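As stored in coords.cif (mmCIF, C-alpha atoms and all ligand atoms):
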data_work
loop_
_atom_site.label_atom_id
_atom_site.label_comp_id
_atom_site.auth_asym_id
_atom_site.auth_seq_id
_atom_site.Cartn_x
_atom_site.Cartn_y
_atom_site.Cartn_z
CA MET A 98 0.00 0.00 0.00
CA GLY A 99 3.04 2.30 0.01
CA ASN A 100 2.08 3.88 -3.27
CA ARG A 101 -1.44 4.52 -1.91
CA GLU A 102 -0.23 7.07 0.64
CA ILE A 103 -1.11 10.64 -0.33
CA LYS A 104 0.43 12.18 2.76
CA GLN A 105 1.53 10.57 5.97
CA GLY A 106 -1.54 8.88 7.43
CA ILE A 107 -3.78 9.73 4.48
CA TYR A 108 -4.41 6.91 2.03
CA ALA A 109 -6.26 6.30 -1.22
CA VAL A 110 -8.28 3.13 -0.61
CA GLY A 111 -10.73 3.21 -3.53
CA ALA A 112 -10.86 1.13 -6.69
CA ILE A 113 -9.96 1.51 -10.35
CA ASP A 114 -12.56 0.31 -12.85
CA TRP A 115 -10.46 -0.29 -15.95
CA ASP A 116 -13.21 -2.04 -17.91
CA ARG A 117 -16.25 0.13 -17.32
CA ARG A 118 -17.43 1.59 -20.60
CA LEU A 119 -20.81 3.13 -19.73
CA PHE A 120 -22.14 5.18 -16.82
CA ASP A 121 -25.83 5.70 -16.07
CA GLU A 122 -26.47 3.57 -19.21
CA LEU A 123 -25.79 6.85 -21.02
CA ILE A 124 -22.27 8.25 -20.66
CA PRO A 125 -19.51 6.45 -22.61
CA LEU A 126 -16.33 5.89 -20.58
CA PRO A 127 -13.57 5.37 -23.17
CA ASP A 128 -10.90 5.55 -20.46
CA GLY A 129 -12.69 3.61 -17.71
CA THR A 130 -13.01 5.33 -14.32
CA SER A 131 -12.12 5.09 -10.66
CA TYR A 132 -14.15 5.34 -7.46
CA ASN A 133 -11.82 7.12 -5.06
CA ALA A 134 -12.19 6.66 -1.33
CA TYR A 135 -9.74 8.05 1.20
CA LEU A 136 -8.72 7.10 4.70
CA VAL A 137 -7.66 9.91 7.03
CA THR A 138 -6.07 8.86 10.30
CA GLY A 139 -5.85 11.19 13.29
CA GLU A 140 -4.26 10.64 16.70
CA LYS A 141 -7.64 9.61 18.13
CA LYS A 142 -10.01 8.81 15.30
CA VAL A 143 -10.05 7.31 11.83
CA ALA A 144 -12.31 8.58 9.03
CA LEU A 145 -13.11 6.90 5.75
CA ILE A 146 -14.09 9.46 3.12
CA ASP A 147 -16.68 7.91 0.79
CA THR A 148 -16.85 4.29 -0.31
CA VAL A 149 -16.95 2.79 -3.82
CA ASP A 150 -19.33 1.38 -6.40
CA PRO A 151 -20.92 -1.84 -5.10
CA GLY A 152 -19.16 -3.86 -7.81
CA LYS A 153 -15.81 -2.87 -6.28
CA THR A 154 -16.57 -3.35 -2.57
CA ARG A 155 -14.08 -6.24 -2.27
CA GLU A 156 -11.25 -3.98 -3.43
CA LEU A 157 -12.08 -1.28 -0.89
CA ILE A 158 -12.29 -3.80 1.92
CA GLY A 159 -9.04 -5.40 0.72
CA HIS A 160 -7.24 -2.07 0.84
CA LEU A 161 -8.48 -1.43 4.39
CA ALA A 162 -7.31 -4.91 5.40
CA GLU A 163 -3.85 -4.31 3.89
CA LEU A 164 -3.58 -1.20 6.03
CA GLN A 165 -4.68 -3.27 9.06
CA ILE A 166 -7.55 -0.93 9.78
CA ASN A 167 -9.43 -2.58 12.64
CA ARG A 168 -11.61 0.36 13.54
CA ILE A 169 -13.27 3.15 11.56
CA ASP A 170 -14.93 5.88 13.61
CA TYR A 171 -16.50 7.91 10.83
CA ILE A 172 -17.53 7.33 7.23
CA ILE A 173 -17.81 10.75 5.66
CA THR A 174 -20.43 10.45 2.92
CA HIS A 175 -20.36 13.38 0.51
CA HIS A 176 -22.96 12.19 -1.95
CA ALA A 177 -25.66 9.54 -2.03
CA GLU A 178 -25.07 8.35 -5.61
CA GLN A 179 -24.25 4.67 -5.47
CA ASP A 180 -20.85 4.83 -7.18
CA HIS A 181 -19.64 6.37 -3.88
CA SER A 182 -22.19 5.18 -1.35
CA GLY A 183 -22.99 1.71 -2.69
CA SER A 184 -20.49 -0.12 -0.48
CA LEU A 185 -21.70 1.54 2.72
CA PRO A 186 -23.88 -1.37 3.92
CA GLU A 187 -21.03 -3.90 3.67
CA VAL A 188 -18.45 -1.54 5.19
CA LEU A 189 -20.83 -0.84 8.07
CA GLU A 190 -21.21 -4.57 8.63
CA LEU A 191 -17.44 -4.94 8.89
CA TYR A 192 -17.01 -1.81 11.01
CA PRO A 193 -20.24 -1.68 13.08
CA GLU A 194 -18.88 1.03 15.38
CA ALA A 195 -18.56 3.48 12.45
CA LYS A 196 -20.96 6.41 12.12
CA VAL A 197 -21.99 7.78 8.76
CA VAL A 198 -21.27 11.52 8.83
CA THR A 199 -23.29 13.53 6.34
CA ASN A 200 -25.87 16.29 5.93
CA GLU A 201 -29.58 15.84 6.50
CA LYS A 202 -30.50 15.78 2.81
CA CYS A 203 -27.88 13.13 2.06
CA ARG A 204 -28.99 11.11 5.08
CA GLN A 205 -32.54 11.03 3.77
CA MET A 206 -31.36 9.99 0.32
CA LEU A 207 -29.10 7.24 1.71
CA LEU A 208 -32.02 5.87 3.73
CA ASP A 209 -34.09 5.86 0.54
CA LEU A 210 -31.41 4.18 -1.57
CA LEU A 211 -29.60 1.75 0.72
CA PRO A 212 -30.36 -0.70 3.53
CA ILE A 213 -28.79 1.37 6.34
CA ASN A 214 -29.98 1.76 9.91
CA ALA A 215 -31.09 5.33 10.73
CA GLU A 216 -29.23 5.06 14.06
CA GLN A 217 -25.86 4.90 12.32
CA PHE A 218 -25.78 8.55 11.24
CA ILE A 219 -24.24 11.73 12.59
CA THR A 220 -25.87 14.68 10.82
CA ILE A 221 -23.75 17.78 10.35
CA LYS A 222 -24.39 21.38 9.27
CA ASP A 223 -22.59 23.41 6.63
CA GLY A 224 -19.23 24.58 8.02
CA ALA A 225 -19.16 22.02 10.85
CA THR A 226 -15.82 20.50 11.88
CA LEU A 227 -14.81 17.10 13.16
CA ASP A 228 -11.68 16.57 15.25
CA LEU A 229 -9.73 13.39 14.54
CA GLY A 230 -6.89 14.32 16.90
CA GLY A 231 -4.31 16.57 15.26
CA ARG A 232 -6.40 16.60 12.11
CA THR A 233 -9.64 18.52 11.58
CA LEU A 234 -12.21 17.92 8.89
CA GLU A 235 -14.38 20.84 7.82
CA PHE A 236 -17.55 20.11 5.85
CA ILE A 237 -18.59 22.44 3.04
CA PHE A 238 -21.99 22.01 1.41
CA LEU A 239 -21.84 22.50 -2.37
CA PRO A 240 -25.33 21.58 -3.60
CA TRP A 241 -25.87 20.69 -7.24
CA VAL A 242 -22.43 19.43 -8.09
CA HIS A 243 -24.28 17.49 -9.25
CA TRP A 244 -26.97 16.28 -6.83
CA PRO A 245 -28.75 18.51 -4.29
CA GLU A 246 -27.08 16.92 -1.25
CA THR A 247 -23.45 17.09 -2.37
CA MET A 248 -20.82 18.30 0.07
CA VAL A 249 -17.02 18.26 0.21
CA THR A 250 -14.47 17.98 3.03
CA TYR A 251 -11.52 20.26 3.71
CA LEU A 252 -8.67 18.98 5.86
CA LEU A 253 -7.62 22.12 7.71
CA GLU A 254 -4.10 21.24 8.78
CA GLU A 255 -2.86 19.96 5.40
CA GLN A 256 -5.26 22.03 3.24
CA VAL A 257 -6.44 19.00 1.28
CA LEU A 258 -9.84 19.32 -0.41
CA PHE A 259 -11.70 16.02 -0.77
CA SER A 260 -13.98 17.27 -3.51
CA CYS A 261 -16.35 14.38 -4.28
CA ASP A 262 -17.47 14.47 -7.95
CA PHE A 263 -16.38 18.12 -8.22
CA PHE A 264 -13.17 18.37 -10.33
CA GLY A 265 -13.31 14.66 -11.14
CA SER A 266 -12.57 12.81 -14.36
CA HIS A 267 -13.64 9.44 -15.66
CA MET A 268 -10.14 8.10 -16.14
CA ALA A 269 -8.55 4.86 -15.02
CA GLN A 270 -4.84 5.11 -14.33
CA SER A 271 -2.51 3.45 -11.87
CA ASP A 272 -0.79 6.69 -10.81
CA LEU A 273 -2.50 8.39 -7.89
CA PHE A 274 -1.64 11.90 -9.03
CA VAL A 275 -1.94 13.62 -12.41
CA SER A 276 0.85 12.15 -14.53
CA ALA A 277 -0.47 12.80 -18.05
CA PRO A 278 -1.66 16.43 -17.92
CA SER A 279 -3.11 16.68 -21.44
CA ARG A 280 -5.05 13.45 -21.08
CA THR A 281 -6.32 14.47 -17.65
CA TYR A 282 -7.33 17.91 -18.94
CA GLU A 283 -9.43 16.39 -21.75
CA ALA A 284 -10.98 13.78 -19.43
CA ALA A 285 -11.81 16.41 -16.81
CA LYS A 286 -13.32 18.72 -19.44
CA ARG A 287 -15.45 15.89 -20.76
CA TYR A 288 -16.50 15.00 -17.20
CA TYR A 289 -17.37 18.65 -16.51
CA ALA A 290 -19.48 18.71 -19.69
CA GLU A 291 -21.37 15.53 -18.92
CA ILE A 292 -21.91 15.97 -15.19
CA MET A 293 -21.38 19.56 -14.11
CA MET A 294 -22.24 21.83 -17.05
CA PRO A 295 -26.00 21.88 -16.35
CA PHE A 296 -25.13 23.47 -13.00
CA ARG A 297 -22.66 26.05 -14.29
CA ILE A 298 -24.18 28.95 -12.33
CA ASN A 299 -24.05 27.00 -9.04
CA ILE A 300 -20.48 26.00 -9.80
CA VAL A 301 -19.41 29.61 -10.34
CA SER A 302 -20.60 30.49 -6.84
CA HIS A 303 -19.00 27.36 -5.35
CA LEU A 304 -15.67 28.26 -6.98
CA LYS A 305 -15.89 31.68 -5.32
CA ARG A 306 -16.47 30.06 -1.94
CA LEU A 307 -13.56 27.66 -2.40
CA ALA A 308 -11.32 30.55 -3.48
CA GLN A 309 -11.40 31.67 0.16
CA LYS A 310 -9.60 28.49 1.16
CA LYS A 311 -5.93 27.82 0.76
CA ILE A 312 -5.84 24.49 -1.04
CA SER A 313 -2.66 22.45 -1.41
CA CYS A 314 -4.16 19.37 -3.01
CA ILE A 315 -7.52 18.35 -4.53
CA ALA A 316 -8.55 14.72 -4.14
CA PRO A 317 -11.71 14.04 -6.16
CA SER A 318 -13.91 10.94 -6.22
CA HIS A 319 -13.01 10.02 -9.80
CA GLY A 320 -9.70 10.19 -11.64
CA PRO A 321 -6.28 11.39 -10.53
CA ILE A 322 -5.48 13.67 -7.58
CA TYR A 323 -4.27 17.22 -8.27
CA SER A 324 -1.10 18.09 -6.36
CA ASP A 325 -1.24 21.41 -8.24
CA PRO A 326 -4.83 22.61 -7.63
CA SER A 327 -4.44 25.54 -10.05
CA PHE A 328 -4.40 23.01 -12.91
CA ILE A 329 -8.07 22.16 -12.40
CA LEU A 330 -9.23 25.39 -10.70
CA ASP A 331 -8.03 27.46 -13.69
CA ALA A 332 -9.69 25.04 -16.10
CA TYR A 333 -13.01 25.26 -14.22
CA ALA A 334 -12.78 29.04 -14.16
CA GLN A 335 -12.42 29.00 -17.94
CA TRP A 336 -15.14 26.41 -18.62
CA THR A 337 -17.69 28.14 -16.39
CA ALA A 338 -16.94 31.68 -17.60
CA ASP A 339 -19.46 33.35 -19.93
CA LYS A 340 -16.84 33.62 -22.67
CA VAL A 341 -17.29 31.28 -25.64
CA ALA A 342 -14.90 30.09 -28.36
CA ASN A 343 -14.93 30.90 -32.05
CA LYS A 344 -16.25 27.44 -32.94
CA VAL A 345 -19.29 25.94 -34.70
CA LEU A 346 -20.58 22.45 -33.89
CA ILE A 347 -22.80 20.65 -36.40
CA PRO A 348 -24.51 17.60 -34.91
CA PHE A 349 -26.06 15.91 -37.95
CA VAL A 350 -27.95 12.89 -39.27
CA SER A 351 -28.36 12.04 -42.94
CA MET A 352 -30.21 9.05 -44.36
CA HIS A 353 -29.80 9.37 -48.13
CA GLY A 354 -27.17 12.09 -48.39
CA SER A 355 -29.16 15.32 -48.87
CA THR A 356 -28.60 16.64 -45.34
CA ARG A 357 -24.98 15.42 -45.56
CA LYS A 358 -24.45 17.55 -48.70
CA MET A 359 -25.79 20.56 -46.79
CA VAL A 360 -23.46 19.84 -43.87
CA ASP A 361 -20.46 19.46 -46.17
CA CYS A 362 -21.29 22.78 -47.83
CA LEU A 363 -21.69 24.56 -44.47
CA VAL A 364 -18.42 23.09 -43.17
CA GLU A 365 -16.58 24.35 -46.25
CA CYS A 366 -18.18 27.80 -46.11
CA LEU A 367 -17.29 28.20 -42.44
CA GLN A 368 -13.74 27.02 -43.04
CA GLN A 369 -13.40 29.58 -45.86
CA ARG A 370 -14.43 32.25 -43.36
CA GLY A 371 -11.79 31.09 -40.87
CA ILE A 372 -14.26 29.66 -38.37
CA PRO A 373 -13.28 26.34 -36.76
CA VAL A 374 -16.08 23.83 -37.33
CA MET A 375 -16.76 20.32 -36.00
CA PRO A 376 -19.40 18.08 -37.61
CA PHE A 377 -20.67 15.18 -35.46
CA ASN A 378 -22.40 12.32 -37.28
CA ILE A 379 -24.75 11.64 -34.39
CA PRO A 380 -25.57 7.92 -34.92
CA ARG A 381 -21.80 7.24 -34.95
CA THR A 382 -20.69 9.83 -32.39
CA ASP A 383 -19.45 9.33 -28.85
CA VAL A 384 -21.84 11.79 -27.23
CA GLY A 385 -19.23 12.56 -24.58
CA GLU A 386 -17.09 14.18 -27.27
CA LEU A 387 -20.04 16.29 -28.42
CA ALA A 388 -20.72 17.28 -24.81
CA LYS A 389 -17.07 18.26 -24.32
CA GLU A 390 -17.14 20.58 -27.33
CA LEU A 391 -20.41 22.11 -26.12
CA VAL A 392 -18.51 23.49 -23.12
CA ASP A 393 -17.34 26.53 -25.07
CA ALA A 394 -18.65 26.46 -28.66
CA ALA A 395 -20.22 29.76 -29.70
CA THR A 396 -22.61 28.24 -32.24
CA VAL A 397 -24.49 24.98 -32.74
CA ILE A 398 -26.17 24.12 -36.04
CA ILE A 399 -28.52 21.12 -35.88
CA ALA A 400 -28.79 19.23 -39.18
CA SER A 401 -31.43 16.55 -39.70
CA PRO A 402 -33.63 14.92 -42.29
CA MET A 403 -37.24 14.08 -41.55
CA VAL A 404 -38.61 10.65 -40.71
CA LEU A 405 -42.35 10.45 -41.27
CA ALA A 406 -43.67 13.78 -39.91
CA GLY A 407 -40.77 14.78 -37.65
CA ALA A 408 -37.02 14.98 -37.16
CA HIS A 409 -34.86 11.85 -37.26
CA PRO A 410 -35.22 10.15 -33.83
CA ALA A 411 -31.42 10.18 -33.34
CA MET A 412 -31.49 13.97 -33.65
CA VAL A 413 -34.48 14.21 -31.30
CA SER A 414 -32.38 12.35 -28.74
CA ALA A 415 -29.33 14.57 -29.40
CA CYS A 416 -31.40 17.75 -28.99
CA TYR A 417 -32.87 16.41 -25.76
CA LEU A 418 -29.33 15.84 -24.48
CA ILE A 419 -28.07 19.26 -25.62
CA ASN A 420 -30.99 20.87 -23.82
CA ALA A 421 -30.30 18.89 -20.64
CA LEU A 422 -26.62 19.90 -20.64
CA ARG A 423 -27.49 23.64 -20.82
CA PRO A 424 -24.38 24.75 -22.74
CA LYS A 425 -23.56 28.48 -22.94
CA THR A 426 -24.04 28.46 -26.74
CA ARG A 427 -24.75 31.97 -28.09
CA PHE A 428 -26.13 31.18 -31.57
CA ALA A 429 -28.04 28.25 -33.03
CA SER A 430 -29.86 27.22 -36.16
CA ILE A 431 -31.37 24.18 -37.83
CA ILE A 432 -30.77 22.93 -41.35
CA GLY A 433 -32.09 19.86 -43.13
CA SER A 434 -34.02 18.21 -45.87
CA PHE A 435 -37.57 16.88 -46.05
CA GLY A 436 -39.42 14.64 -48.50
CA TRP A 437 -43.01 15.79 -48.30
CA GLY A 438 -43.43 18.19 -45.39
CA GLY A 439 -43.90 18.46 -41.63
CA LYS A 440 -42.81 20.69 -38.77
CA MET A 441 -39.27 19.63 -37.95
CA ILE A 442 -37.88 23.10 -37.19
CA GLU A 443 -40.55 23.89 -34.61
CA GLN A 444 -40.24 20.39 -33.13
CA LEU A 445 -36.47 20.61 -32.62
CA GLN A 446 -36.58 24.18 -31.33
CA ALA A 447 -39.22 23.19 -28.80
CA LEU A 448 -36.91 20.44 -27.53
CA MET A 449 -34.26 22.97 -26.52
CA PRO A 450 -35.85 25.64 -24.28
CA ASN A 451 -32.74 25.70 -22.08
CA LEU A 452 -30.56 26.81 -24.97
CA LYS A 453 -30.45 30.57 -24.37
CA ALA A 454 -29.11 31.18 -27.85
CA GLU A 455 -30.16 33.51 -30.62
CA PHE A 456 -31.81 31.34 -33.29
CA LEU A 457 -30.63 32.19 -36.80
CA GLU A 458 -32.78 31.71 -39.91
CA PRO A 459 -32.98 27.95 -40.68
CA VAL A 460 -32.21 26.42 -44.08
CA PHE A 461 -34.86 23.76 -44.62
CA ILE A 462 -35.19 22.36 -48.11
CA LYS A 463 -37.15 19.79 -50.12
CA GLY A 464 -35.08 16.90 -51.51
CA ILE A 465 -31.48 17.33 -52.60
CA PRO A 466 -29.80 20.72 -52.17
CA ARG A 467 -29.48 22.87 -55.28
CA GLU A 468 -27.61 26.08 -56.12
CA ALA A 469 -30.05 28.36 -54.29
CA ASP A 470 -29.79 26.16 -51.21
CA PHE A 471 -25.99 26.25 -51.25
CA ARG A 472 -26.22 30.06 -51.49
CA SER A 473 -28.50 30.03 -48.42
CA LEU A 474 -25.90 28.01 -46.52
CA ALA A 475 -23.16 30.43 -47.61
CA ASN A 476 -25.38 33.27 -46.32
CA LEU A 477 -25.82 31.44 -43.02
CA SER A 478 -22.02 31.16 -42.76
CA ASP A 479 -21.69 34.91 -43.40
CA LEU A 480 -24.24 35.57 -40.69
CA ILE A 481 -22.42 33.32 -38.22
CA ALA A 482 -19.12 35.07 -38.99
CA ARG A 483 -20.75 38.49 -38.41
CA LYS A 484 -22.40 37.34 -35.17
CA HIS A 485 -19.10 35.99 -33.84
CA GLU A 486 -17.35 39.25 -34.68
CA GLN A 487 -20.14 41.36 -33.19
CA VAL A 488 -19.84 39.69 -29.81
CA GLY A 489 -16.04 39.71 -29.98
CA ILE A 490 -15.52 36.02 -29.34
CA HIS A 491 -12.23 34.30 -29.94
CA ALA A 492 -10.71 30.93 -29.24
CA PRO A 493 -9.93 30.69 -25.49
CA GLU A 494 -6.38 30.77 -24.30
CA ALA A 495 -5.02 27.37 -23.35
CA PRO A 496 -4.87 26.96 -19.57
CA LYS A 497 -1.56 26.67 -17.78
CA ARG A 498 -0.46 23.07 -17.49
FE1 LIG B 1 -19.57 9.90 -9.01
FE2 LIG B 1 -22.42 11.62 -8.74
O1 LIG B 1 -21.33 10.16 -8.49
#

Have the structure of the file written as structure tokens, please.
Amino acid sequence: MGNREIKQGIYAVGAIDWDRRLFDELIPLPDGTSYNAYLVTGEKKVALIDTVDPGKTRELIGHLAELQINRIDYIITHHAEQDHSGSLPEVLELYPEAKVVTNEKCRQMLLDLLPINAEQFITIKDGATLDLGGRTLEFIFLPWVHWPETMVTYLLEEQVLFSCDFFGSHMAQSDLFVSAPSRTYEAAKRYYAEIMMPFRINIVSHLKRLAQKKISCIAPSHGPIYSDPSFILDAYAQWTADKVANKVLIPFVSMHGSTRKMVDCLVECLQQRGIPVMPFNIPRTDVGELAKELVDAATVIIASPMVLAGAHPAMVSACYLINALRPKTRFASIIGSFGWGGKMIEQLQALMPNLKAEFLEPVFIKGIPREADFRSLANLSDLIARKHEQVGIHAPEAPKR
């Protein structure tokens, strides 16, 4: 367990899930993930910070056994989601003296989700502290990152922030700390997009609160630990800022090639105008990559054909997801081709009420695109270029690494 020690008496005891490829039956995990749990030992008390996904309980218990942990006084539970709380019942069976330390909302959720005795809880308030003997844990409630009960723990003496899902990344690696900065940056950005972006406004205020703390190390519940907190704090500041990048995303579906021809034309027109553009063929796209690019793209153009009297179902699903993620997109439009009519534009627009973007004139055509249609797409590109210039948006500076 030597390589599991973060600082003297503080250990990583969680599990790496190398093989997991899907989360929530929705989010692709190309790099696997980890469920990080930490053991903090004081002179008088021992605290376990979070547990692991129920499929990895044996690994957690094995790590505690390797460390010869015979007694756990507290199990700090930041978040009721089962990838961190799911092992609680078995850990409590092995360590019956342990008390689950959490907030009232999380306690209620744990009682709803898991077979735990209500007597085994200690309920704490925001800002409360817990003395372990020479080490003090301070609890900070940060609701909506990404559930309403979420909280984090700050170790006062060593200034370590145990940040739960906040600042995490779905990334399996054997190194405890960030060792591949570019890979971690991309994984953390993707994780932010998939999990945190819908709560961007809450996160901005939480970042302000955390800025009042001196933080030497951030230990999240997924992915590597940050020994240089500015790496991830600067990235979050950039991702959550109102500023957007000079970039157009085109999620598209095409059945017989007409919509594809329109997309190809729009891509070329935007390239000619010096605007970076990314088409995503939705039925073949890893939606996590689309989500990641939604973090800062200025413009999104939806491109779809019609199936029967509405948009292609794959695009309906993509629009539902885009709406749920609440990206800070400034401009949007819809292009596509129909065979005999219907109300696709209105249907897709109605699916995205959370997109607080200016909707630009759609290009919606019958059958294959012809010269006039290509001119309309060139005009749309001109309009996008003007809109980007008007709001003075540029590609963001790369964060310090
Ligand atoms: Fe990693 Fe929201 O659980």

> Counting all atoms listed in the file, what is within 6 Å of A:Ala144, bar same-chain residues fewer than 5 positions away, as a PyMOL selection string?
Replying inline: chain A and resi 136-137+170-172

Go ahead and write the residues just picked, C-alpha atoms, as a PDB file, keeping the file's coordinate frame.
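Okay, selection_12.pdb is ready:
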ATOM      1  CA  LEU A 136      -8.720   7.100   4.700  1.00  0.00           C
ATOM      2  CA  VAL A 137      -7.660   9.910   7.030  1.00  0.00           C
ATOM      3  CA  ASP A 170     -14.930   5.880  13.610  1.00  0.00           C
ATOM      4  CA  TYR A 171     -16.500   7.910  10.830  1.00  0.00           C
ATOM      5  CA  ILE A 172     -17.530   7.330   7.230  1.00  0.00           C
TER       6      ILE A 172
END

>> Show me, as number ranges by chain, the residues that have an atom within 8 Å of A:Val413 when counting all atoms listed in the file, minus same-chain residues fewer than 5 positions from it.
In response: A: 408, 445, 448

All residues having an atom within 8 Å of ligand LIG 1 (chain B) (only C-alpha atoms and all ligand atoms) as a tab-separated table (two decimals) with C-alpha atoms, keeping the file's coordinate frame:
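Okay, this is what ended up in part24.tsv:
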chain	number	residue	atom	x	y	z
A	132	TYR	CA	-14.15	5.34	-7.46
A	176	HIS	CA	-22.96	12.19	-1.95
A	177	ALA	CA	-25.66	9.54	-2.03
A	178	GLU	CA	-25.07	8.35	-5.61
A	179	GLN	CA	-24.25	4.67	-5.47
A	180	ASP	CA	-20.85	4.83	-7.18
A	181	HIS	CA	-19.64	6.37	-3.88
A	242	VAL	CA	-22.43	19.43	-8.09
A	243	HIS	CA	-24.28	17.49	-9.25
A	244	TRP	CA	-26.97	16.28	-6.83
A	261	CYS	CA	-16.35	14.38	-4.28
A	262	ASP	CA	-17.47	14.47	-7.95
A	292	ILE	CA	-21.91	15.97	-15.19
A	318	SER	CA	-13.91	10.94	-6.22
A	319	HIS	CA	-13.01	10.02	-9.80

>> Residues proximal to (-28.2, 26.8, -51.5) were defined as those with any atom within 12 Å of that point in the file's coordinates, counting all atoms listed in the file. Which are they, as a PyMOL selection string?
In response: chain A and resi 355-356+358-363+366+432-434+459-463+465-478

>> Could you list, as a list in words, every residue within 8 Å of A:His175, counting only C-alpha atoms and ignoring same-chain residues fewer than 5 positions away?
In response: Ile146, Asp147, Thr199, Cys203, Glu246, Thr247, Met248, Val249, Thr250 and Cys261 of chain A

Preceding selection exported with C-alpha atoms as a short mmCIF file (atom, residue, chain, number, x, y, z; two decimals), in the frame of the given file:
data_model
loop_
_atom_site.label_atom_id
_atom_site.label_comp_id
_atom_site.auth_asym_id
_atom_site.auth_seq_id
_atom_site.Cartn_x
_atom_site.Cartn_y
_atom_site.Cartn_z
CA ILE A 146 -14.09 9.46 3.12
CA ASP A 147 -16.68 7.91 0.79
CA THR A 199 -23.29 13.53 6.34
CA CYS A 203 -27.88 13.13 2.06
CA GLU A 246 -27.08 16.92 -1.25
CA THR A 247 -23.45 17.09 -2.37
CA MET A 248 -20.82 18.30 0.07
CA VAL A 249 -17.02 18.26 0.21
CA THR A 250 -14.47 17.98 3.03
CA CYS A 261 -16.35 14.38 -4.28
#

>> So, with only C-alpha atoms as the atoms that count, which of A:Asp150, A:Glu156, A:Glu390, A:Glu140 lies closest to A:Glu283?
In response: A:Glu390

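Closest approach to A:Phe263 from the set A:Ser182, A:Gln205, A:Asn299, A:Gln444 is made by A:Asn299, with distances taken over all atoms listed in the file.
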